[in-house]
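Engineer: Contents of run_34.pdb (PDB, C-alpha atoms, pLDDT in the B column):
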```pdb
ATOM      1  CA  MET A  26      49.712 175.241-109.808  1.00 46.00           C
ATOM      2  CA  SER A  27      50.500 171.524-109.586  1.00 47.00           C
ATOM      3  CA  ALA A  28      48.650 168.876-111.530  1.00 48.00           C
ATOM      4  CA  PRO A  29      46.004 166.866-109.685  1.00 49.00           C
ATOM      5  CA  ALA A  30      46.970 163.502-108.279  1.00 50.00           C
ATOM      6  CA  ARG A  31      46.334 160.538-110.569  1.00 50.00           C
ATOM      7  CA  GLY A  32      43.880 157.843-109.664  1.00 52.00           C
ATOM      8  CA  ARG A  33      41.251 159.893-107.838  1.00 58.00           C
ATOM      9  CA  ARG A  34      37.734 158.810-108.655  1.00 66.00           C
ATOM     10  CA  LEU A  35      35.727 161.666-110.095  1.00 69.00           C
ATOM     11  CA  ASP A  36      32.383 161.730-111.815  1.00 81.00           C
ATOM     12  CA  PRO A  37      32.622 162.391-115.576  1.00 85.00           C
ATOM     13  CA  ASP A  38      31.673 166.081-115.335  1.00 86.00           C
ATOM     14  CA  ALA A  39      34.293 166.735-112.651  1.00 88.00           C
ATOM     15  CA  ARG A  40      36.941 164.844-114.628  1.00 90.00           C
ATOM     16  CA  ARG A  41      36.070 166.808-117.757  1.00 92.00           C
ATOM     17  CA  GLU A  42      36.382 170.081-115.827  1.00 92.00           C
ATOM     18  CA  GLU A  43      39.746 168.980-114.452  1.00 92.00           C
ATOM     19  CA  ILE A  44      41.013 168.313-117.984  1.00 95.00           C
ATOM     20  CA  VAL A  45      39.780 171.717-119.187  1.00 95.00           C
ATOM     21  CA  ALA A  46      41.422 173.465-116.210  1.00 94.00           C
ATOM     22  CA  GLY A  47      44.742 171.761-116.927  1.00 94.00           C
ATOM     23  CA  ALA A  48      44.529 172.591-120.623  1.00 95.00           C
ATOM     24  CA  LEU A  49      43.732 176.207-119.816  1.00 93.00           C
ATOM     25  CA  ARG A  50      46.888 176.420-117.694  1.00 92.00           C
ATOM     26  CA  LEU A  51      49.074 174.907-120.426  1.00 93.00           C
ATOM     27  CA  PHE A  52      47.647 176.853-123.363  1.00 91.00           C
ATOM     28  CA  ALA A  53      47.997 180.073-121.340  1.00 89.00           C
ATOM     29  CA  GLU A  54      51.734 179.381-120.994  1.00 90.00           C
ATOM     30  CA  GLN A  55      52.635 177.799-124.349  1.00 90.00           C
ATOM     31  CA  PRO A  56      51.478 178.071-127.956  1.00 89.00           C
ATOM     32  CA  TYR A  57      49.115 175.431-129.265  1.00 89.00           C
ATOM     33  CA  ALA A  58      51.753 173.632-131.343  1.00 90.00           C
ATOM     34  CA  ALA A  59      54.092 173.280-128.353  1.00 93.00           C
ATOM     35  CA  VAL A  60      51.527 171.420-126.219  1.00 94.00           C
ATOM     36  CA  SER A  61      51.133 167.681-126.755  1.00 95.00           C
ATOM     37  CA  THR A  62      48.308 165.397-125.735  1.00 94.00           C
ATOM     38  CA  THR A  63      50.769 163.777-123.325  1.00 94.00           C
ATOM     39  CA  ASP A  64      51.433 167.198-121.751  1.00 95.00           C
ATOM     40  CA  LEU A  65      47.699 167.809-121.408  1.00 95.00           C
ATOM     41  CA  ALA A  66      47.132 164.423-119.762  1.00 94.00           C
ATOM     42  CA  ARG A  67      50.041 164.939-117.367  1.00 94.00           C
ATOM     43  CA  GLU A  68      48.802 168.399-116.377  1.00 94.00           C
ATOM     44  CA  ALA A  69      45.301 167.076-115.687  1.00 92.00           C
ATOM     45  CA  GLY A  70      46.582 163.953-113.933  1.00 90.00           C
ATOM     46  CA  VAL A  71      44.747 161.595-116.275  1.00 91.00           C
ATOM     47  CA  ALA A  72      45.606 158.886-118.773  1.00 91.00           C
ATOM     48  CA  ARG A  73      46.091 160.225-122.295  1.00 92.00           C
ATOM     49  CA  GLY A  74      43.165 158.162-123.554  1.00 92.00           C
ATOM     50  CA  LEU A  75      40.805 160.219-121.388  1.00 92.00           C
ATOM     51  CA  ILE A  76      41.637 163.336-123.394  1.00 93.00           C
ATOM     52  CA  ASN A  77      40.375 161.544-126.502  1.00 93.00           C
ATOM     53  CA  HIS A  78      37.439 160.031-124.630  1.00 93.00           C
ATOM     54  CA  TYR A  79      36.112 163.383-123.390  1.00 94.00           C
ATOM     55  CA  PHE A  80      37.170 165.723-126.200  1.00 94.00           C
ATOM     56  CA  GLY A  81      38.110 163.710-129.274  1.00 92.00           C
ATOM     57  CA  THR A  82      41.258 165.575-130.322  1.00 93.00           C
ATOM     58  CA  LYS A  83      43.727 168.091-128.953  1.00 94.00           C
ATOM     59  CA  ARG A  84      42.160 170.708-131.234  1.00 95.00           C
ATOM     60  CA  ASP A  85      38.679 170.006-129.892  1.00 95.00           C
ATOM     61  CA  LEU A  86      39.991 170.453-126.352  1.00 96.00           C
ATOM     62  CA  TYR A  87      41.754 173.661-127.394  1.00 95.00           C
ATOM     63  CA  LEU A  88      38.540 175.055-128.876  1.00 95.00           C
ATOM     64  CA  GLU A  89      36.706 174.255-125.636  1.00 95.00           C
ATOM     65  CA  VAL A  90      39.419 176.102-123.702  1.00 94.00           C
ATOM     66  CA  VAL A  91      39.081 179.121-126.027  1.00 93.00           C
ATOM     67  CA  ARG A  92      35.308 179.041-125.503  1.00 93.00           C
ATOM     68  CA  ARG A  93      35.742 178.986-121.719  1.00 92.00           C
ATOM     69  CA  LEU A  94      38.268 181.817-121.750  1.00 90.00           C
ATOM     70  CA  THR A  95      36.274 184.156-123.983  1.00 90.00           C
ATOM     71  CA  THR A  96      32.726 183.487-122.760  1.00 91.00           C
ATOM     72  CA  ILE A  97      31.456 185.273-119.661  1.00 90.00           C
ATOM     73  CA  PRO A  98      29.962 182.541-117.452  1.00 90.00           C
ATOM     74  CA  GLU A  99      26.613 182.973-115.745  1.00 89.00           C
ATOM     75  CA  VAL A 100      28.308 182.545-112.366  1.00 89.00           C
ATOM     76  CA  ALA A 101      30.366 185.702-112.953  1.00 88.00           C
ATOM     77  CA  VAL A 102      27.184 187.708-113.496  1.00 87.00           C
ATOM     78  CA  ALA A 103      25.432 186.075-110.542  1.00 88.00           C
ATOM     79  CA  GLY A 104      28.413 186.939-108.341  1.00 90.00           C
ATOM     80  CA  LEU A 105      28.293 190.681-109.002  1.00 91.00           C
ATOM     81  CA  PRO A 106      27.648 192.751-105.875  1.00 92.00           C
ATOM     82  CA  THR A 107      24.401 194.548-105.294  1.00 90.00           C
ATOM     83  CA  GLY A 108      24.466 198.304-105.417  1.00 88.00           C
ATOM     84  CA  PRO A 109      24.768 201.136-107.923  1.00 90.00           C
ATOM     85  CA  VAL A 110      25.553 200.348-111.541  1.00 91.00           C
ATOM     86  CA  ASP A 111      29.058 201.863-111.298  1.00 91.00           C
ATOM     87  CA  VAL A 112      29.951 199.447-108.483  1.00 92.00           C
ATOM     88  CA  ARG A 113      28.584 196.513-110.467  1.00 92.00           C
ATOM     89  CA  ALA A 114      30.355 197.644-113.657  1.00 93.00           C
ATOM     90  CA  GLY A 115      33.629 197.943-111.734  1.00 94.00           C
ATOM     91  CA  ALA A 116      33.221 194.435-110.331  1.00 94.00           C
ATOM     92  CA  ALA A 117      32.468 193.070-113.822  1.00 93.00           C
ATOM     93  CA  VAL A 118      35.587 194.710-115.256  1.00 95.00           C
ATOM     94  CA  ASP A 119      37.654 193.417-112.312  1.00 95.00           C
ATOM     95  CA  TRP A 120      36.418 189.868-113.007  1.00 93.00           C
ATOM     96  CA  PHE A 121      37.464 190.205-116.642  1.00 93.00           C
ATOM     97  CA  LEU A 122      40.898 191.669-115.860  1.00 95.00           C
ATOM     98  CA  ASP A 123      41.567 188.902-113.328  1.00 94.00           C
ATOM     99  CA  ALA A 124      40.719 186.248-115.941  1.00 91.00           C
ATOM    100  CA  VAL A 125      42.892 187.891-118.603  1.00 92.00           C
ATOM    101  CA  ASP A 126      45.803 188.316-116.189  1.00 92.00           C
ATOM    102  CA  ARG A 127      45.657 184.632-115.169  1.00 91.00           C
ATOM    103  CA  HIS A 128      45.604 183.427-118.785  1.00 90.00           C
ATOM    104  CA  ARG A 129      47.371 186.253-120.580  1.00 90.00           C
ATOM    105  CA  GLY A 130      49.270 184.094-123.095  1.00 87.00           C
ATOM    106  CA  LEU A 131      46.119 182.451-124.403  1.00 88.00           C
ATOM    107  CA  TRP A 132      44.145 185.702-124.284  1.00 89.00           C
ATOM    108  CA  LEU A 133      46.782 187.455-126.376  1.00 87.00           C
ATOM    109  CA  SER A 134      46.768 184.672-128.954  1.00 85.00           C
ATOM    110  CA  VAL A 135      42.980 184.497-129.404  1.00 84.00           C
ATOM    111  CA  GLY A 136      41.080 186.977-127.255  1.00 68.00           C
ATOM    112  CA  THR A 137      42.356 190.249-128.624  1.00 68.00           C
ATOM    113  CA  GLY A 138      40.865 189.994-132.081  1.00 62.00           C
ATOM    114  CA  ALA A 139      40.400 187.881-135.187  1.00 54.00           C
ATOM    115  CA  ALA A 140      42.615 184.826-134.834  1.00 60.00           C
ATOM    116  CA  GLY A 141      42.588 183.932-138.523  1.00 74.00           C
ATOM    117  CA  ASP A 142      41.045 180.586-137.609  1.00 84.00           C
ATOM    118  CA  VAL A 143      37.453 180.108-138.704  1.00 90.00           C
ATOM    119  CA  ASP A 144      36.541 178.008-135.648  1.00 92.00           C
ATOM    120  CA  VAL A 145      38.157 180.397-133.156  1.00 90.00           C
ATOM    121  CA  ASP A 146      36.602 183.418-134.862  1.00 89.00           C
ATOM    122  CA  ALA A 147      33.162 181.753-134.652  1.00 92.00           C
ATOM    123  CA  ILE A 148      33.693 181.169-130.918  1.00 92.00           C
ATOM    124  CA  LEU A 149      34.646 184.832-130.447  1.00 89.00           C
ATOM    125  CA  ALA A 150      31.529 186.000-132.296  1.00 90.00           C
ATOM    126  CA  GLU A 151      29.339 183.746-130.167  1.00 94.00           C
ATOM    127  CA  ALA A 152      31.127 184.925-127.006  1.00 91.00           C
ATOM    128  CA  ASP A 153      30.381 188.556-127.929  1.00 91.00           C
ATOM    129  CA  GLU A 154      26.667 187.783-128.253  1.00 93.00           C
ATOM    130  CA  ILE A 155      26.590 185.947-124.915  1.00 94.00           C
ATOM    131  CA  ALA A 156      28.555 188.750-123.272  1.00 92.00           C
ATOM    132  CA  ALA A 157      26.135 191.362-124.633  1.00 93.00           C
ATOM    133  CA  ASP A 158      23.223 189.378-123.174  1.00 93.00           C
ATOM    134  CA  ARG A 159      24.886 189.050-119.787  1.00 92.00           C
ATOM    135  CA  VAL A 160      26.200 192.605-119.538  1.00 92.00           C
ATOM    136  CA  LEU A 161      22.788 194.024-120.392  1.00 92.00           C
ATOM    137  CA  ALA A 162      20.991 191.653-118.000  1.00 91.00           C
ATOM    138  CA  ALA A 163      23.367 192.534-115.177  1.00 91.00           C
ATOM    139  CA  LEU A 164      23.822 196.262-115.695  1.00 91.00           C
ATOM    140  CA  ALA A 165      20.922 197.558-117.791  1.00 89.00           C
ATOM    141  CA  PRO A 166      18.034 195.084-117.557  1.00 89.00           C
ATOM    142  CA  ASP A 167      15.461 197.664-118.682  1.00 87.00           C
ATOM    143  CA  ALA A 168      17.426 198.869-121.697  1.00 83.00           C
ATOM    144  CA  PRO A 169      15.845 198.263-125.103  1.00 82.00           C
ATOM    145  CA  ASP A 170      17.718 195.725-127.196  1.00 77.00           C
ATOM    146  CA  ASP A 171      18.520 198.306-129.848  1.00 79.00           C
ATOM    147  CA  PRO A 172      20.806 200.301-129.848  1.00 84.00           C
ATOM    148  CA  TYR A 173      22.219 199.034-126.545  1.00 89.00           C
ATOM    149  CA  ARG A 174      23.183 195.603-127.841  1.00 91.00           C
ATOM    150  CA  ALA A 175      25.186 197.118-130.704  1.00 91.00           C
ATOM    151  CA  ARG A 176      26.841 199.557-128.330  1.00 91.00           C
ATOM    152  CA  VAL A 177      27.831 196.796-125.903  1.00 93.00           C
ATOM    153  CA  ARG A 178      29.204 194.649-128.747  1.00 92.00           C
ATOM    154  CA  SER A 179      31.213 197.649-129.922  1.00 92.00           C
ATOM    155  CA  PHE A 180      32.554 198.071-126.386  1.00 94.00           C
ATOM    156  CA  PHE A 181      34.193 194.645-126.700  1.00 91.00           C
ATOM    157  CA  GLY A 182      36.410 196.034-129.467  1.00 90.00           C
ATOM    158  CA  LEU A 183      37.741 198.534-126.953  1.00 94.00           C
ATOM    159  CA  VAL A 184      38.191 195.712-124.422  1.00 93.00           C
ATOM    160  CA  ARG A 185      40.471 193.903-126.872  1.00 90.00           C
ATOM    161  CA  SER A 186      42.444 197.034-127.752  1.00 92.00           C
ATOM    162  CA  ALA A 187      42.837 198.076-124.128  1.00 95.00           C
ATOM    163  CA  SER A 188      44.061 194.619-123.143  1.00 93.00           C
ATOM    164  CA  ARG A 189      46.778 194.869-125.832  1.00 91.00           C
ATOM    165  CA  GLU A 190      47.779 198.307-124.540  1.00 95.00           C
ATOM    166  CA  TRP A 191      48.090 196.855-121.040  1.00 96.00           C
ATOM    167  CA  LEU A 192      49.643 193.448-121.713  1.00 93.00           C
ATOM    168  CA  VAL A 193      51.715 194.034-124.868  1.00 92.00           C
ATOM    169  CA  ARG A 194      52.556 197.703-125.237  1.00 94.00           C
ATOM    170  CA  GLY A 195      52.624 198.617-121.554  1.00 95.00           C
ATOM    171  CA  THR A 196      51.063 202.008-122.348  1.00 97.00           C
ATOM    172  CA  LEU A 197      48.312 201.332-119.806  1.00 97.00           C
ATOM    173  CA  ASP A 198      48.745 199.692-116.432  1.00 97.00           C
ATOM    174  CA  ARG A 199      45.999 197.576-114.916  1.00 97.00           C
ATOM    175  CA  ALA A 200      44.481 200.487-112.992  1.00 97.00           C
ATOM    176  CA  GLY A 201      44.404 202.644-116.127  1.00 97.00           C
ATOM    177  CA  THR A 202      42.866 199.819-118.142  1.00 97.00           C
ATOM    178  CA  ARG A 203      40.199 199.338-115.472  1.00 97.00           C
ATOM    179  CA  ALA A 204      39.377 203.043-115.321  1.00 96.00           C
ATOM    180  CA  LEU A 205      39.068 203.275-119.111  1.00 97.00           C
ATOM    181  CA  LEU A 206      36.837 200.209-119.410  1.00 96.00           C
ATOM    182  CA  VAL A 207      34.554 201.152-116.523  1.00 95.00           C
ATOM    183  CA  ASP A 208      34.135 204.731-117.763  1.00 95.00           C
ATOM    184  CA  VAL A 209      33.323 203.655-121.314  1.00 95.00           C
ATOM    185  CA  LEU A 210      31.014 200.855-120.210  1.00 95.00           C
ATOM    186  CA  LEU A 211      29.025 203.284-118.074  1.00 94.00           C
ATOM    187  CA  THR A 212      28.834 205.708-121.008  1.00 94.00           C
ATOM    188  CA  VAL A 213      27.650 202.919-123.308  1.00 92.00           C
ATOM    189  CA  LEU A 214      24.916 201.972-120.851  1.00 90.00           C
ATOM    190  CA  ASP A 215      23.806 205.456-119.850  1.00 83.00           C
ATOM    191  CA  HIS A 216      23.873 207.378-123.133  1.00 55.00           C
ATOM    192  CA  PRO A 217      22.429 205.491-126.087  1.00 46.00           C
ATOM    193  CA  ALA A 218      22.855 207.227-129.413  1.00 48.00           C
ATOM    194  CA  ARG A 219      19.746 208.907-130.770  1.00 52.00           C
ATOM    195  CA  PRO A 220      18.670 207.499-134.148  1.00 53.00           C
ATOM    196  CA  ASP A 221      18.789 210.988-135.682  1.00 51.00           C
ATOM    197  CA  SER A 222      22.149 211.983-134.191  1.00 45.00           C
ATOM    198  CA  GLN A 223      24.985 212.858-136.558  1.00 44.00           C
ATOM    199  CA  VAL A 224      28.624 211.916-135.972  1.00 38.00           C
TER     200      VAL A 224
END
```
So, in terms of structure tokens, how does the structure I just supplied come out?
Structural biologist:
Amino acid sequence: MSAPARGRRLDPDARREEIVAGALRLFAEQPYAAVSTTDLAREAGVARGLINHYFGTKRDLYLEVVRRLTTIPEVAVAGLPTGPVDVRAGAAVDWFLDAVDRHRGLWLSVGTGAAGDVDVDAILAEADEIAADRVLAALAPDAPDDPYRARVRSFFGLVRSASREWLVRGTLDRAGTRALLVDVLLTVLDHPARPDSQV
């Protein structure tokens, strides 16, 4: 995807979004250390000073990009089709797999587990809580918070492992990853563990 043309007048929110979109493209292709502020400005079609104006530092912009990549947006939930829960769960998993596929380099560096960076790890923990809220609201609105919330959060561990199997090891293809995630998500939502059950 080519960088936007310089000099277009945009309102501040639109300009900020353009910078984030450009940064997401670059960080998905190259490691953090290989991307300069000049690269980020060129990709977004803005003067380098605007990166600092809107985000402060390259790291602050990077953390915003990580937040965007790992947090399920409300629009994704609002865009789910109507119909049975299995159709909606499949559409939710498809949305996720599309996002991971588009930004696989960045996802593999931060989205598949603890990044060893306190700020990134805090973003991932927050993203899991937001995702649990949105998955439950979209697919099981009448479910009690406990134990469903814990089960959905645990599901995200499988999401990370399955994405590594697909993108790194090649032991799952996309269709197999989708089938696994949809099946487990439906199990998580339909069969809460009884408090007195033994493993």
Engineer: Could you tell me which residues the PyMOL selection byres ((chain A and resi 83) around 12) returns for this structure, as a ChimeraX atom specification?
Structural biologist: /A:44-45,48,52,57-66,73-82,84-90
Engineer: Restricting it to C-alpha atoms, dump the selection as a compact mmCIF listing (two decimals), in the coordinates of the input.
Structural biologist:
```txt
# COMPACT_ATOMS: atom_id res chain seq x y z
CA ILE A 44 41.01 168.31 -117.98
CA VAL A 45 39.78 171.72 -119.19
CA ALA A 48 44.53 172.59 -120.62
CA PHE A 52 47.65 176.85 -123.36
CA TYR A 57 49.12 175.43 -129.26
CA ALA A 58 51.75 173.63 -131.34
CA ALA A 59 54.09 173.28 -128.35
CA VAL A 60 51.53 171.42 -126.22
CA SER A 61 51.13 167.68 -126.76
CA THR A 62 48.31 165.40 -125.74
CA THR A 63 50.77 163.78 -123.32
CA ASP A 64 51.43 167.20 -121.75
CA LEU A 65 47.70 167.81 -121.41
CA ALA A 66 47.13 164.42 -119.76
CA ARG A 73 46.09 160.22 -122.30
CA GLY A 74 43.16 158.16 -123.55
CA LEU A 75 40.80 160.22 -121.39
CA ILE A 76 41.64 163.34 -123.39
CA ASN A 77 40.38 161.54 -126.50
CA HIS A 78 37.44 160.03 -124.63
CA TYR A 79 36.11 163.38 -123.39
CA PHE A 80 37.17 165.72 -126.20
CA GLY A 81 38.11 163.71 -129.27
CA THR A 82 41.26 165.58 -130.32
CA ARG A 84 42.16 170.71 -131.23
CA ASP A 85 38.68 170.01 -129.89
CA LEU A 86 39.99 170.45 -126.35
CA TYR A 87 41.75 173.66 -127.39
CA LEU A 88 38.54 175.06 -128.88
CA GLU A 89 36.71 174.26 -125.64
CA VAL A 90 39.42 176.10 -123.70
```
Engineer: Could you jot down the CA of Arg199 in chain A to CA of Ala116 in chain A separation for me, Å, one decimal place?
Structural biologist: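 A separation of 13.9 Å between them.
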Engineer: Take the PyMOL selection byres ((chain A and resi 206) around 12), apply it to the structure above, and return the hits as a PyMOL selection string.
Structural biologist: chain A and resi 111+114-119+121-122+177+180-188+191+197+199-205+207-213
Engineer: Between CA of Thr95 in chain A and CA of Ile148 in chain A, what is the spacing in Å?
Structural biologist: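 Interatomic distance here is 8.0 Å.
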Engineer: Which of these, A:Ser134, A:Gly141, A:Arg178, A:Gly108, has the shortest distance to Ala157 in chain A once you count all atoms listed in the file?
Structural biologist: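 Among the listed residues, the smallest separation from Ala157 in chain A belongs to A:Arg178.
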Engineer: From the list A:Val112, A:Asp215, A:Ala165, A:Leu149, which residue is nearest Trp132 in chain A when using all atoms listed in the file?
Structural biologist: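 Selected residue with least distance to Trp132 in chain A: A:Leu149.
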Engineer: Of the candidates A:Val100, A:Ala46, A:Leu51, A:Val91, which shows the shortest atom-to-atom distance to Arg159 in chain A, using all atoms listed in the file?
Structural biologist: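 Among A:Val100, A:Ala46, A:Leu51, A:Val91, it is A:Val100 that comes nearest to Arg159 in chain A.
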Engineer: If you measure from CA of Leu192 in chain A to CA of Gly130 in chain A, what distance in Å do you get, rounded to one decimal?
Structural biologist: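 Between these atoms lies a distance of 9.5 Å.
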Engineer: With only C-alpha atoms as the basis for distance, which of A:Ala156, A:Asp171, A:Arg194, A:Arg176 is at the shortest distance from Val102 in chain A?
Structural biologist: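 The closest residue to Val102 in chain A is A:Ala156.
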Engineer: What are the centre and the three edge lengths of an axis-aligned box that wraps all atoms of range 169-176 of chain A in the file, given that 5 Å is added to every side, written as lines of an AutoDock Vina configuration file and rounded to one decimal in Å?
Structural biologist:
```
center_x = 21.3
center_y = 198.0
center_z = -127.9
size_x = 21.0
size_y = 14.7
size_z = 15.6
```
Engineer: Determine the residue set returned by the PyMOL selection byres ((chain A and resi 69) around 7) for the present structure, and present it as a PDB file with C-alpha atoms, in the frame of the given file.
Structural biologist:
```pdb
ATOM      1  CA  ALA A  28      48.650 168.876-111.530  1.00 48.00           C
ATOM      2  CA  PRO A  29      46.004 166.866-109.685  1.00 49.00           C
ATOM      3  CA  GLU A  43      39.746 168.980-114.452  1.00 92.00           C
ATOM      4  CA  ILE A  44      41.013 168.313-117.984  1.00 95.00           C
ATOM      5  CA  GLY A  47      44.742 171.761-116.927  1.00 94.00           C
ATOM      6  CA  LEU A  65      47.699 167.809-121.408  1.00 95.00           C
ATOM      7  CA  ALA A  66      47.132 164.423-119.762  1.00 94.00           C
ATOM      8  CA  ARG A  67      50.041 164.939-117.367  1.00 94.00           C
ATOM      9  CA  GLU A  68      48.802 168.399-116.377  1.00 94.00           C
ATOM     10  CA  GLY A  70      46.582 163.953-113.933  1.00 90.00           C
ATOM     11  CA  VAL A  71      44.747 161.595-116.275  1.00 91.00           C
TER      12      VAL A  71
END
```
Engineer: Counting only C-alpha atoms, figure out which residue out of A:Asp36, A:Glu42, A:Glu190, A:Asp158 gets nearest to Tyr173 in chain A.
Structural biologist: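 Using only C-alpha atoms, Tyr173 in chain A sits closest to A:Asp158.
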Engineer: For Arg129 in chain A, which residue among A:Ala39, A:Ala72, A:Leu214, A:Leu94 is the nearest when counting all atoms listed in the file?
Structural biologist: A:Leu94
Engineer: Is it possible to add all heavy atoms to range 207-215 of chain A and hand it back as a compact mmCIF listing (two decimals), keeping the file's coordinate frame?
Structural biologist:
```txt
# COMPACT_ATOMS: atom_id res chain seq x y z
N VAL A 207 35.73 200.83 -117.34
CA VAL A 207 34.55 201.15 -116.52
C VAL A 207 33.90 202.43 -117.03
O VAL A 207 32.67 202.49 -117.20
CB VAL A 207 34.92 201.27 -115.03
CG1 VAL A 207 33.73 201.81 -114.22
CG2 VAL A 207 35.36 199.91 -114.47
N ASP A 208 34.70 203.45 -117.29
CA ASP A 208 34.14 204.73 -117.76
C ASP A 208 33.37 204.54 -119.07
O ASP A 208 32.26 205.05 -119.24
CB ASP A 208 35.25 205.77 -117.97
CG ASP A 208 35.78 206.33 -116.66
OD1 ASP A 208 35.17 206.06 -115.60
OD2 ASP A 208 36.82 207.02 -116.70
N VAL A 209 33.98 203.83 -120.01
CA VAL A 209 33.32 203.66 -121.31
C VAL A 209 32.09 202.77 -121.19
O VAL A 209 31.05 203.03 -121.81
CB VAL A 209 34.32 203.11 -122.36
CG1 VAL A 209 33.60 202.79 -123.68
CG2 VAL A 209 35.43 204.12 -122.60
N LEU A 210 32.18 201.72 -120.39
CA LEU A 210 31.01 200.86 -120.21
C LEU A 210 29.84 201.63 -119.63
O LEU A 210 28.70 201.50 -120.09
CB LEU A 210 31.37 199.67 -119.30
CG LEU A 210 30.24 198.68 -119.02
CD1 LEU A 210 29.65 198.12 -120.30
CD2 LEU A 210 30.75 197.55 -118.12
N LEU A 211 30.10 202.48 -118.65
CA LEU A 211 29.02 203.28 -118.07
C LEU A 211 28.46 204.26 -119.11
O LEU A 211 27.24 204.48 -119.16
CB LEU A 211 29.53 204.04 -116.85
CG LEU A 211 29.84 203.15 -115.64
CD1 LEU A 211 30.49 203.97 -114.53
CD2 LEU A 211 28.58 202.46 -115.12
N THR A 212 29.31 204.82 -119.95
CA THR A 212 28.83 205.71 -121.01
C THR A 212 27.97 204.95 -122.00
O THR A 212 26.90 205.40 -122.42
CB THR A 212 30.02 206.36 -121.73
OG1 THR A 212 30.76 207.14 -120.79
CG2 THR A 212 29.55 207.25 -122.87
N VAL A 213 28.42 203.76 -122.38
CA VAL A 213 27.65 202.92 -123.31
C VAL A 213 26.27 202.62 -122.75
O VAL A 213 25.26 202.65 -123.46
CB VAL A 213 28.42 201.61 -123.59
CG1 VAL A 213 27.52 200.54 -124.18
CG2 VAL A 213 29.60 201.88 -124.52
N LEU A 214 26.19 202.35 -121.46
CA LEU A 214 24.92 201.97 -120.85
C LEU A 214 24.02 203.16 -120.57
O LEU A 214 22.79 203.05 -120.60
CB LEU A 214 25.18 201.20 -119.56
CG LEU A 214 25.88 199.85 -119.74
CD1 LEU A 214 26.21 199.26 -118.38
CD2 LEU A 214 25.05 198.89 -120.56
N ASP A 215 24.61 204.31 -120.29
CA ASP A 215 23.81 205.46 -119.85
C ASP A 215 23.40 206.39 -120.97
O ASP A 215 22.46 207.17 -120.81
CB ASP A 215 24.58 206.28 -118.82
CG ASP A 215 24.64 205.59 -117.46
OD1 ASP A 215 23.85 204.67 -117.24
OD2 ASP A 215 25.48 205.99 -116.65
```
